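Below: work-v9.cif (mmCIF, C-alpha atoms)
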data_data
loop_
_atom_site.label_atom_id
_atom_site.label_comp_id
_atom_site.auth_asym_id
_atom_site.auth_seq_id
_atom_site.Cartn_x
_atom_site.Cartn_y
_atom_site.Cartn_z
CA THR H 18 38.78 7.77 91.77
CA LYS H 19 37.88 4.32 93.05
CA THR H 20 35.53 1.55 91.96
CA TYR H 21 32.72 0.65 94.37
CA ILE H 22 30.85 -2.64 93.71
CA VAL H 23 27.67 -3.78 95.45
CA ARG H 24 26.38 -7.37 95.19
CA LYS H 25 22.78 -8.53 95.68
CA GLN H 26 21.24 -11.98 95.27
CA GLY H 27 18.45 -12.35 92.71
CA SER H 28 18.04 -8.73 91.53
CA ILE H 29 20.10 -5.70 90.57
CA PRO H 30 20.93 -3.34 93.48
CA THR H 31 18.78 -0.20 93.32
CA ASN H 32 21.41 2.03 94.97
CA LYS H 33 24.90 1.87 96.51
CA ASP H 34 23.53 0.71 99.87
CA ASP H 35 21.20 -2.00 98.48
CA GLY H 36 23.30 -5.11 99.00
CA THR H 37 26.76 -6.22 100.12
CA VAL H 38 29.79 -4.08 99.30
CA VAL H 39 32.28 -6.52 97.77
CA TYR H 40 34.87 -4.08 96.40
CA ASN H 41 35.93 -0.50 97.17
CA ASP H 42 39.39 0.16 95.77
CA ASN H 43 41.27 1.55 92.77
CA GLY H 44 42.41 -1.71 91.12
CA ASN H 45 41.52 -2.71 87.54
CA ALA H 46 40.18 -6.23 88.22
CA PHE H 47 38.09 -8.03 90.82
CA ILE H 48 37.00 -11.70 91.25
CA ASP H 49 34.11 -12.43 93.60
CA THR H 50 34.62 -15.65 95.61
CA GLY H 51 32.90 -17.71 98.31
CA LEU H 52 29.56 -17.76 96.46
CA ASN H 53 26.81 -20.35 96.73
CA THR H 54 26.32 -22.68 93.77
CA ASN H 55 23.26 -22.53 91.50
CA THR H 56 22.52 -18.96 92.59
CA GLN H 57 22.06 -15.74 90.66
CA TYR H 58 24.11 -12.74 91.85
CA CYS H 59 23.61 -9.20 90.56
CA TYR H 60 26.07 -6.33 90.74
CA ALA H 61 26.18 -2.55 90.52
CA ALA H 62 29.58 -0.93 89.93
CA TYR H 63 30.12 2.80 90.63
CA ALA H 64 33.03 5.16 90.13
CA THR H 65 33.44 7.34 93.21
CA ASP H 66 35.63 9.86 94.98
CA ASN H 67 33.95 8.78 98.25
CA THR H 68 31.62 11.79 97.98
CA GLU H 69 29.94 11.56 94.60
CA TYR H 70 28.91 8.32 92.82
CA THR H 71 28.36 7.88 89.09
CA GLU H 72 25.44 6.04 87.53
CA PRO H 73 26.24 2.31 87.95
CA VAL H 74 27.10 -0.35 85.42
CA THR H 75 24.91 -3.34 86.30
CA GLY H 76 24.62 -7.02 85.42
CA CYS H 77 23.75 -10.49 86.72
CA ALA H 78 25.40 -13.90 86.53
CA SER H 79 24.66 -17.36 87.91
CA THR H 80 27.02 -19.79 89.61
CA ILE H 81 26.78 -23.28 88.15
CA SER H 82 28.16 -26.54 89.54
CA THR H 83 26.08 -29.06 87.61
CA GLY H 84 27.96 -29.00 84.33
CA LEU H 85 25.57 -26.65 82.52
CA ILE H 86 26.96 -24.04 80.18
CA PHE H 87 25.25 -20.64 80.60
CA ILE H 88 25.61 -18.03 77.88
CA GLN H 89 23.90 -14.64 78.13
CA SER H 90 23.57 -12.48 75.02
CA THR H 91 21.49 -9.58 73.75
CA ASP H 92 19.26 -9.20 70.72
CA GLY H 93 18.28 -5.57 70.35
CA ASN H 94 16.24 -4.66 73.44
CA TYR H 95 16.13 -8.27 74.63
CA THR H 96 18.35 -10.41 76.84
CA VAL H 97 18.74 -14.10 75.96
CA ASP H 98 19.81 -16.69 78.56
CA LYS H 99 20.84 -20.00 77.00
CA PHE H 100 21.55 -23.21 78.95
CA THR H 101 23.23 -26.25 77.36
CA LEU H 102 25.31 -29.26 78.36
CA PRO H 103 28.95 -29.76 77.34
CA ALA H 104 29.37 -31.78 74.14
CA GLY H 105 29.10 -35.51 74.84
CA ALA H 106 27.74 -35.02 78.37
CA THR H 107 26.80 -38.28 80.11
CA VAL H 108 24.63 -36.68 82.80
CA SER H 109 21.88 -34.09 82.71
CA GLY H 110 22.24 -30.79 84.57
CA GLY H 111 20.06 -28.24 86.34
CA LEU H 112 20.01 -25.01 88.31
CA ASN H 113 17.72 -22.28 89.60
CA TRP H 114 17.01 -19.17 87.51
CA THR H 115 15.71 -15.90 88.94
CA PRO H 116 14.06 -13.19 86.80
CA PRO H 117 15.68 -9.76 87.18
CA LEU H 118 13.74 -6.87 88.67
CA GLY H 119 11.23 -5.56 86.13
CA VAL H 120 10.88 -8.84 84.20
CA ASN H 121 7.30 -10.16 84.38
CA GLN H 122 7.09 -12.27 81.22
CA VAL H 123 9.57 -14.39 79.30
CA GLU H 124 9.62 -16.28 76.02
CA TYR H 125 11.01 -19.80 76.29
CA LEU H 126 12.28 -22.67 74.18
CA VAL H 127 12.67 -26.03 75.92
CA VAL H 128 14.08 -28.97 73.92
CA ALA H 129 14.73 -32.37 75.53
CA GLY H 130 17.52 -34.81 74.78
CA GLY H 131 17.10 -36.91 71.62
CA GLY H 132 16.71 -40.69 71.68
CA GLY H 133 19.55 -43.02 70.76
CA GLY H 134 19.44 -44.97 67.50
CA GLY H 135 18.77 -48.72 67.65
CA GLY H 136 21.62 -51.25 67.44
CA ASN H 137 21.56 -54.03 64.84
CA ARG H 138 20.23 -52.56 61.57
CA GLY H 139 18.58 -50.00 63.82
CA GLY H 140 15.79 -47.52 63.53
CA GLY H 141 16.50 -43.83 64.09
CA GLY H 142 16.11 -42.20 67.48
CA GLY H 143 13.26 -39.76 68.02
CA ALA H 144 13.96 -36.08 68.60
CA GLY H 145 13.61 -34.55 72.03
CA GLY H 146 10.31 -32.85 72.78
CA PHE H 147 10.07 -29.25 71.53
CA ARG H 148 8.06 -26.63 73.43
CA THR H 149 8.03 -22.86 72.97
CA GLY H 150 5.80 -20.05 74.17
CA PHE H 151 5.44 -17.32 76.80
CA LEU H 152 5.32 -17.59 80.58
CA GLY H 153 4.49 -15.06 83.29
CA VAL H 154 7.18 -14.81 85.99
CA VAL H 155 7.71 -12.97 89.27
CA PRO H 156 10.98 -11.05 89.73
CA GLY H 157 13.04 -12.54 92.56
CA ASP H 158 11.24 -15.89 92.49
CA VAL H 159 13.18 -19.07 91.71
CA TYR H 160 12.46 -21.19 88.61
CA THR H 161 13.94 -24.59 87.81
CA VAL H 162 16.04 -25.05 84.68
CA ALA H 163 17.16 -28.55 83.65
CA VAL H 164 18.74 -29.71 80.39
CA GLY H 165 18.36 -33.37 79.37
CA LYS H 166 21.18 -35.44 77.94
CA GLY H 167 20.74 -37.53 74.81
CA GLY H 168 19.99 -41.25 74.93
CA VAL H 169 22.68 -43.89 74.39
CA GLY H 170 22.73 -45.77 71.09
CA GLY H 171 21.69 -49.43 71.20
CA VAL H 172 24.38 -52.12 70.97
CA ASN H 173 23.65 -55.19 68.81
CA ASN H 174 20.14 -56.52 69.57
CA ASP H 175 19.07 -53.67 71.77
CA TYR H 176 17.07 -50.47 71.66
CA GLY H 177 18.55 -47.04 71.84
CA THR H 178 17.69 -45.49 75.19
CA ASN H 179 15.35 -42.53 75.50
CA GLY H 180 16.72 -39.03 75.91
CA GLU H 181 16.12 -37.23 79.20
CA ASN H 182 13.61 -34.45 79.85
CA SER H 183 14.40 -30.73 79.81
CA VAL H 184 12.53 -28.38 82.15
CA PHE H 185 11.84 -24.69 82.65
CA SER H 186 9.50 -24.02 85.58
CA SER H 187 6.26 -25.90 84.78
CA ILE H 188 7.28 -26.50 81.15
CA ILE H 189 8.51 -30.07 80.65
CA SER H 190 9.75 -31.39 77.32
CA ILE H 191 9.90 -35.19 77.08
CA GLY H 192 13.05 -37.01 75.98
CA GLY H 193 13.04 -38.54 72.49
CA GLY H 194 12.22 -42.24 72.05
CA GLY H 195 14.92 -44.81 71.33
CA GLY H 196 15.10 -46.54 67.96
CA GLY H 197 14.28 -50.24 67.54
CA TYR H 198 16.62 -53.02 66.37
CA ASN H 199 16.32 -55.82 63.82
CA ASN H 200 15.28 -59.27 65.06
CA SER H 201 13.17 -62.21 63.95
CA TRP H 202 9.95 -60.44 64.88
CA ALA H 203 8.49 -56.95 64.71
CA ILE H 204 10.26 -54.44 66.96
CA ASN H 205 8.44 -51.21 67.72
CA GLY H 206 10.15 -47.89 68.32
CA LYS H 207 9.99 -46.34 71.78
CA ALA H 208 7.58 -43.54 72.63
CA GLY H 209 8.97 -40.15 73.61
CA GLY H 210 8.88 -36.42 72.81
CA SER H 211 9.12 -37.71 69.25
CA GLY H 212 8.98 -41.47 68.76
CA GLY H 213 11.83 -43.77 67.76
CA GLY H 214 11.81 -45.65 64.45
CA ALA H 215 10.63 -49.28 64.20
CA CYS H 216 12.29 -52.36 62.71
CA ARG H 217 11.14 -55.62 61.11
CA ALA H 218 7.65 -54.39 60.15
CA GLY H 219 7.14 -52.85 63.59
CA THR H 220 5.29 -49.67 64.56
CA GLY H 221 7.06 -46.40 65.21
CA GLY H 222 7.06 -45.05 68.74
CA ALA H 223 4.39 -42.51 69.61
CA GLY H 224 5.30 -38.85 69.86
CA THR H 225 3.98 -36.57 72.61
CA ALA H 226 1.13 -34.25 71.57
CA GLY H 227 2.31 -30.66 71.22
CA GLN H 228 5.98 -31.67 71.37
CA GLY H 229 6.79 -34.03 68.51
CA ASN H 230 5.70 -36.72 66.07
CA ASN H 231 5.61 -40.50 65.72
CA GLY H 232 8.58 -42.54 64.59
CA GLY H 233 8.47 -44.31 61.24
CA ASN H 234 6.88 -47.75 60.79
CA GLY H 235 8.38 -50.59 58.76
CA ASN H 236 11.66 -52.44 58.42
CA GLY H 237 13.81 -49.41 59.15
CA GLY H 238 11.85 -46.46 60.47
CA SER H 239 13.38 -43.05 60.99
CA GLY H 240 12.88 -41.12 64.20
CA GLY H 241 10.11 -38.58 64.41
CA GLY H 242 10.97 -34.87 64.55
CA ALA H 243 9.28 -31.84 66.06
CA GLY H 244 7.98 -30.84 62.61
CA ALA H 245 7.30 -34.18 60.88
CA ALA H 246 6.84 -37.90 61.52
CA GLY H 247 9.45 -40.51 60.68
CA VAL H 248 9.14 -42.73 57.60
CA ASP H 249 10.21 -46.23 56.51
CA THR H 250 13.77 -46.31 55.13
CA GLY H 251 14.02 -42.56 54.70
CA ALA H 252 15.34 -39.39 56.27
CA GLY H 253 14.63 -38.48 59.88
CA GLY H 254 11.58 -36.38 60.65
CA ALA H 255 12.22 -32.65 60.25
CA GLY H 256 12.60 -30.40 63.25
CA LEU H 257 11.13 -26.94 63.83
CA GLN H 258 12.71 -23.52 63.49
CA SER H 259 13.00 -20.94 66.28
CA SER H 260 14.46 -17.41 66.24
CA ILE H 261 14.40 -16.97 70.02
CA THR H 262 18.13 -16.16 70.11
CA GLY H 263 17.80 -13.63 67.29
CA VAL H 264 19.08 -16.18 64.75
CA ALA H 265 16.82 -18.71 63.00
CA VAL H 266 17.86 -22.25 64.03
CA TYR H 267 16.20 -25.65 63.54
CA TYR H 268 15.89 -27.90 66.58
CA ALA H 269 14.66 -31.44 67.31
CA GLY H 270 15.22 -33.39 64.07
CA GLY H 271 14.76 -37.18 64.04
CA GLY H 272 17.56 -39.68 63.46
CA ALA H 273 17.80 -41.71 60.24
CA PRO H 274 17.71 -45.55 60.20
CA ASN H 275 20.28 -47.98 58.84
CA ASN H 276 20.14 -48.30 55.05
CA ARG H 277 21.18 -51.63 53.47
CA LEU H 278 19.19 -51.17 50.27
CA ALA H 279 20.77 -50.42 46.89
CA PRO H 280 22.38 -48.07 46.10
CA TYR H 281 23.41 -48.25 49.80
CA SER H 282 23.55 -44.49 50.30
CA GLN H 283 23.45 -42.97 53.75
CA LEU H 284 20.06 -41.74 54.95
CA GLN H 285 20.19 -38.29 56.49
CA GLY H 286 18.87 -37.13 59.84
CA GLY H 287 16.06 -34.61 59.94
CA ILE H 288 16.96 -30.92 59.80
CA GLY H 289 17.47 -29.81 63.38
CA GLY H 290 20.32 -32.05 64.46
CA GLY H 291 19.11 -35.55 63.54
CA GLY H 292 21.94 -38.07 63.11
CA PRO H 293 22.53 -39.97 59.82
CA GLY H 294 22.20 -43.76 59.95
CA ALA H 295 24.73 -46.50 59.22
CA TYR H 296 24.73 -47.82 55.66
CA GLY H 297 26.22 -50.36 53.27
CA VAL H 298 25.75 -53.78 51.69
CA TYR H 299 23.79 -56.32 53.75
CA ASN H 300 26.82 -58.14 55.15
CA ALA H 301 29.32 -55.28 54.90
CA SER H 302 27.56 -52.29 56.47
CA ASN H 303 30.85 -50.76 57.57
CA ASN H 304 29.78 -47.13 57.67
CA PRO H 305 28.74 -46.36 61.26
CA ALA H 306 25.81 -44.39 62.58
CA THR H 307 26.21 -40.76 63.60
CA GLY H 308 24.89 -39.18 66.80
CA GLY H 309 22.36 -36.38 67.01
CA VAL H 310 23.71 -32.86 67.47
CA ASP H 311 24.21 -31.70 71.05
CA GLY H 312 22.27 -28.58 71.98
CA LEU H 313 19.63 -29.28 69.32
CA GLY H 314 17.99 -32.43 70.75
CA GLY H 315 18.38 -34.47 67.56
CA GLY H 316 17.81 -38.25 67.47
CA GLY H 317 20.71 -40.64 66.83
CA GLY H 318 21.13 -42.67 63.64
CA GLY H 319 20.43 -46.43 63.44
CA GLY H 320 23.34 -48.90 63.80
CA LYS H 321 25.11 -51.24 61.35
CA ASP H 322 23.98 -54.66 60.05
CA TYR H 323 24.49 -57.69 62.31
CA GLN H 324 26.62 -59.54 59.74
CA THR H 325 29.21 -56.77 59.80
CA ALA H 326 32.32 -57.33 61.92
CA GLY H 327 32.29 -55.73 65.37
CA ASN H 328 29.44 -54.34 67.42
CA GLN H 329 26.43 -52.76 65.77
CA ILE H 330 26.01 -49.49 67.65
CA GLY H 331 23.37 -46.82 67.14
CA GLY H 332 24.26 -43.13 67.29
CA LYS H 333 23.68 -41.30 70.56
CA GLY H 334 20.94 -38.72 70.87
CA GLY H 335 21.87 -35.03 71.00
CA SER H 336 21.50 -33.18 74.30
CA GLY H 337 18.74 -30.61 74.71
CA VAL H 338 18.66 -26.88 75.40
CA VAL H 339 16.70 -24.30 77.44
CA ILE H 340 16.55 -20.71 76.19
CA ILE H 341 14.85 -17.81 78.00
CA ARG H 342 14.29 -14.43 76.32
CA TYR H 343 13.03 -11.28 78.00
CA LEU H 344 12.92 -7.52 77.56
CA THR H 345 16.09 -6.10 79.09
CA PRO H 346 15.19 -4.14 82.27
CA GLN H 347 15.85 -0.41 82.11
#
Exercise: express the given structure as structure tokens:
Amino acid sequence: TKTYIVRKQGSIPTNKDDGTVVYNDNGNAFIDTGLNTNTQYCYAAYATDNTEYTEPVTGCASTISTGLIFIQSTDGNYTVDKFTLPAGATVSGGLNWTPPLGVNQVEYLVVAGGGGGGGNRGGGGGAGGFRTGFLGVVPGDVYTVAVGKGGVGGVNNDYGTNGENSVFSSIISIGGGGGGYNNSWAINGKAGGSGGGACRAGTGGAGTAGQGNNGGNGNGGSGGGAGAAGVDTGAGGAGLQSSITGVAVYYAGGGAPNNRLAPYSQLQGGIGGGGPGAYGVYNASNNPATGGVDGLGGGGGGGKDYQTAGNQIGGKGGSGVVIIRYLTPQ
């Protein structure tokens, strides 16, 4: 008995002649090579005596050269395709995704990269935009998937940078807004999916309708989250929960600002990957900010006080995620 494997681009082969024969031998392992990048390949594997062929074992996989991590899992009768960036990624990534034969509708979750926390006595970074829903698709067509990296934390008297957008087809989630920094005048947070926190009696950055909330106003505003706005000198805005993978997870929490007020305790990021802020006495704020969680789109925490030795650096924003769920074809 031999193994007979047929490969087809974009959909599962319907029979042993529907595609390219890539293996016909009696070995116990096979590696397919010479494939195009960012392309989905589907396979049907048969056992055969060269006369009769069994029912095939089938599956699809995508080649990726842009740094994305692709994990496919199942949840009951559903298949879940999850796309993330490696931890600490400094560039965003993207590829093309093709629905398998028989898949006409998918559920999606698209979370953008979170904003970086502000530098000197910084405000928290806003969470990446959060969008979820259902989308009609055409089997064999190509749909863009892109995952946004988190923004960089501000250094000294500088904003955190905004996170980058995440995309699935026509669904675009906006990167989180960067947090403000302390200066001699009001510093507003940056607008984004959720807005960054303000400093020095500034105004929090605006969130994007349907994706997130505003950053906190005041002397040390927290970043907005997908589920709640930021506040002055408090925890980051809460994220929202999704069970698209089959497990309930919170995404898109806002980053916390610096806290130099007694009793000098650390302010926590919003549930959903928001980063805690720096904290400590006015001129000895030696406890650094923490970044947002990668794969959740959380905002970064606000940086240390300017009178503390060394640079005052905000926490980076967490990278985003794209998840696609669909009924497994029969």
Run the PyMOL selection byres ((chain H and resi 19-33) around 10) mentally over the shown coordinates, then write out the matched residues as number ranges by chain, using the chain letters and numbers from the document. H: 18, 34-47, 49, 56-67, 70-79, 114-119, 156-159, 346
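Distances here use all atoms listed in the file; by that measure, the residue among H:Gln329, H:Gln89, H:Asn231, H:Ser336 closest to H:Gly170 is H:Gln329.
In terms of minimum interatomic distance to H:Ser183, H:Val338 ranks closest within H:Val338, H:Tyr95, H:Leu152, H:Asn328, counting all atoms listed in the file.
You will find atom CA of H:Ile204 at 21.8 Å from atom CA of H:Gly270.
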Using only C-alpha atoms, what table do you get, as a Markdown table, when you list each residue of stretch 111-163 of chain H with an atom no more than 10 Å from stretch 304-316 of chain H, its nearest pair of atoms, and their distance in Å rounded to one decimal, rows by chain then rising number?
| residue | atom | partner | partner_atom | distance |
| --- | --- | --- | --- | --- |
| H:Val127 | CA | H:Gly314 | CA | 9.8 |
| H:Val128 | CA | H:Gly314 | CA | 6.1 |
| H:Ala129 | CA | H:Gly314 | CA | 5.8 |
| H:Gly130 | CA | H:Gly314 | CA | 4.7 |
| H:Gly131 | CA | H:Gly316 | CA | 4.4 |
| H:Gly132 | CA | H:Gly316 | CA | 5.0 |
| H:Gly133 | CA | H:Gly316 | CA | 6.1 |
| H:Gly134 | CA | H:Gly316 | CA | 6.9 |
| H:Gly135 | CA | H:Ala306 | CA | 9.7 |
| H:Gly136 | CA | H:Ala306 | CA | 9.4 |
| H:Arg138 | CA | H:Ala306 | CA | 9.9 |
| H:Gly139 | CA | H:Ala306 | CA | 9.2 |
| H:Gly141 | CA | H:Gly316 | CA | 6.7 |
| H:Gly142 | CA | H:Gly316 | CA | 4.3 |
| H:Gly143 | CA | H:Gly316 | CA | 4.8 |
| H:Ala144 | CA | H:Gly316 | CA | 4.6 |
| H:Gly145 | CA | H:Gly314 | CA | 5.0 |
| H:Gly146 | CA | H:Gly314 | CA | 8.0 |
| H:Phe147 | CA | H:Gly314 | CA | 8.6 |
Selection dump of the PyMOL selection byres ((chain H and resi 224) around 10), as a PyMOL selection string: chain H and resi 143-146+191+193-194+207-213+221-223+225-232+240-243+246
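Distance annotation: of H:Gly140, H:Gly93, H:Gly150, H:Gly271, the residue with the minimal separation from H:Ile340 is H:Gly150; atom set is only C-alpha atoms.
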Determine the residue membership of the PyMOL selection byres ((chain H and resi 322) around 12) for the file above and supply it as an MDAnalysis selection string. chainID H and resid 135:140 172:174 198:200 237 274:278 294:306 319:321 323:331
Using all atoms listed in the file, can you list as a VMD selection string the residues within 9 Å of (7.4, -51.9, 59.3)? chain H and resid 203 to 205 215 to 221 233 to 238 249
Exercise on stretch 50-65 of chain H, axis-aligned box with 5 Å per side, report centre and edge lengths in Å to one decimal, as JSON:
{"center_x": 28.3, "center_y": -7.7, "center_z": 94.1, "size_x": 22.6, "size_y": 40.0, "size_z": 18.4}
Could you pull out every residue with an atom within 8 Å of (11.8, -30.6, 57.3), file coordinates, counting all atoms listed in the file, and send them as a PyMOL selection string? chain H and resi 244-245+254-257+287-288
Those same residues - C-alpha atoms - I'd like them written as a PDB file, keeping the file's coordinate frame.
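That gives us part38.pdb:
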ATOM      1  CA  GLY H 244       7.980 -30.840  62.610  1.00  0.00           C
ATOM      2  CA  ALA H 245       7.300 -34.180  60.880  1.00  0.00           C
ATOM      3  CA  GLY H 254      11.580 -36.380  60.650  1.00  0.00           C
ATOM      4  CA  ALA H 255      12.220 -32.650  60.250  1.00  0.00           C
ATOM      5  CA  GLY H 256      12.600 -30.400  63.250  1.00  0.00           C
ATOM      6  CA  LEU H 257      11.130 -26.940  63.830  1.00  0.00           C
ATOM      7  CA  GLY H 287      16.060 -34.610  59.940  1.00  0.00           C
ATOM      8  CA  ILE H 288      16.960 -30.920  59.800  1.00  0.00           C
TER       9      ILE H 288
END
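If you look at atom CA of H:Val108 and atom CA of H:Glu124, they are 26.2 Å away from each other.
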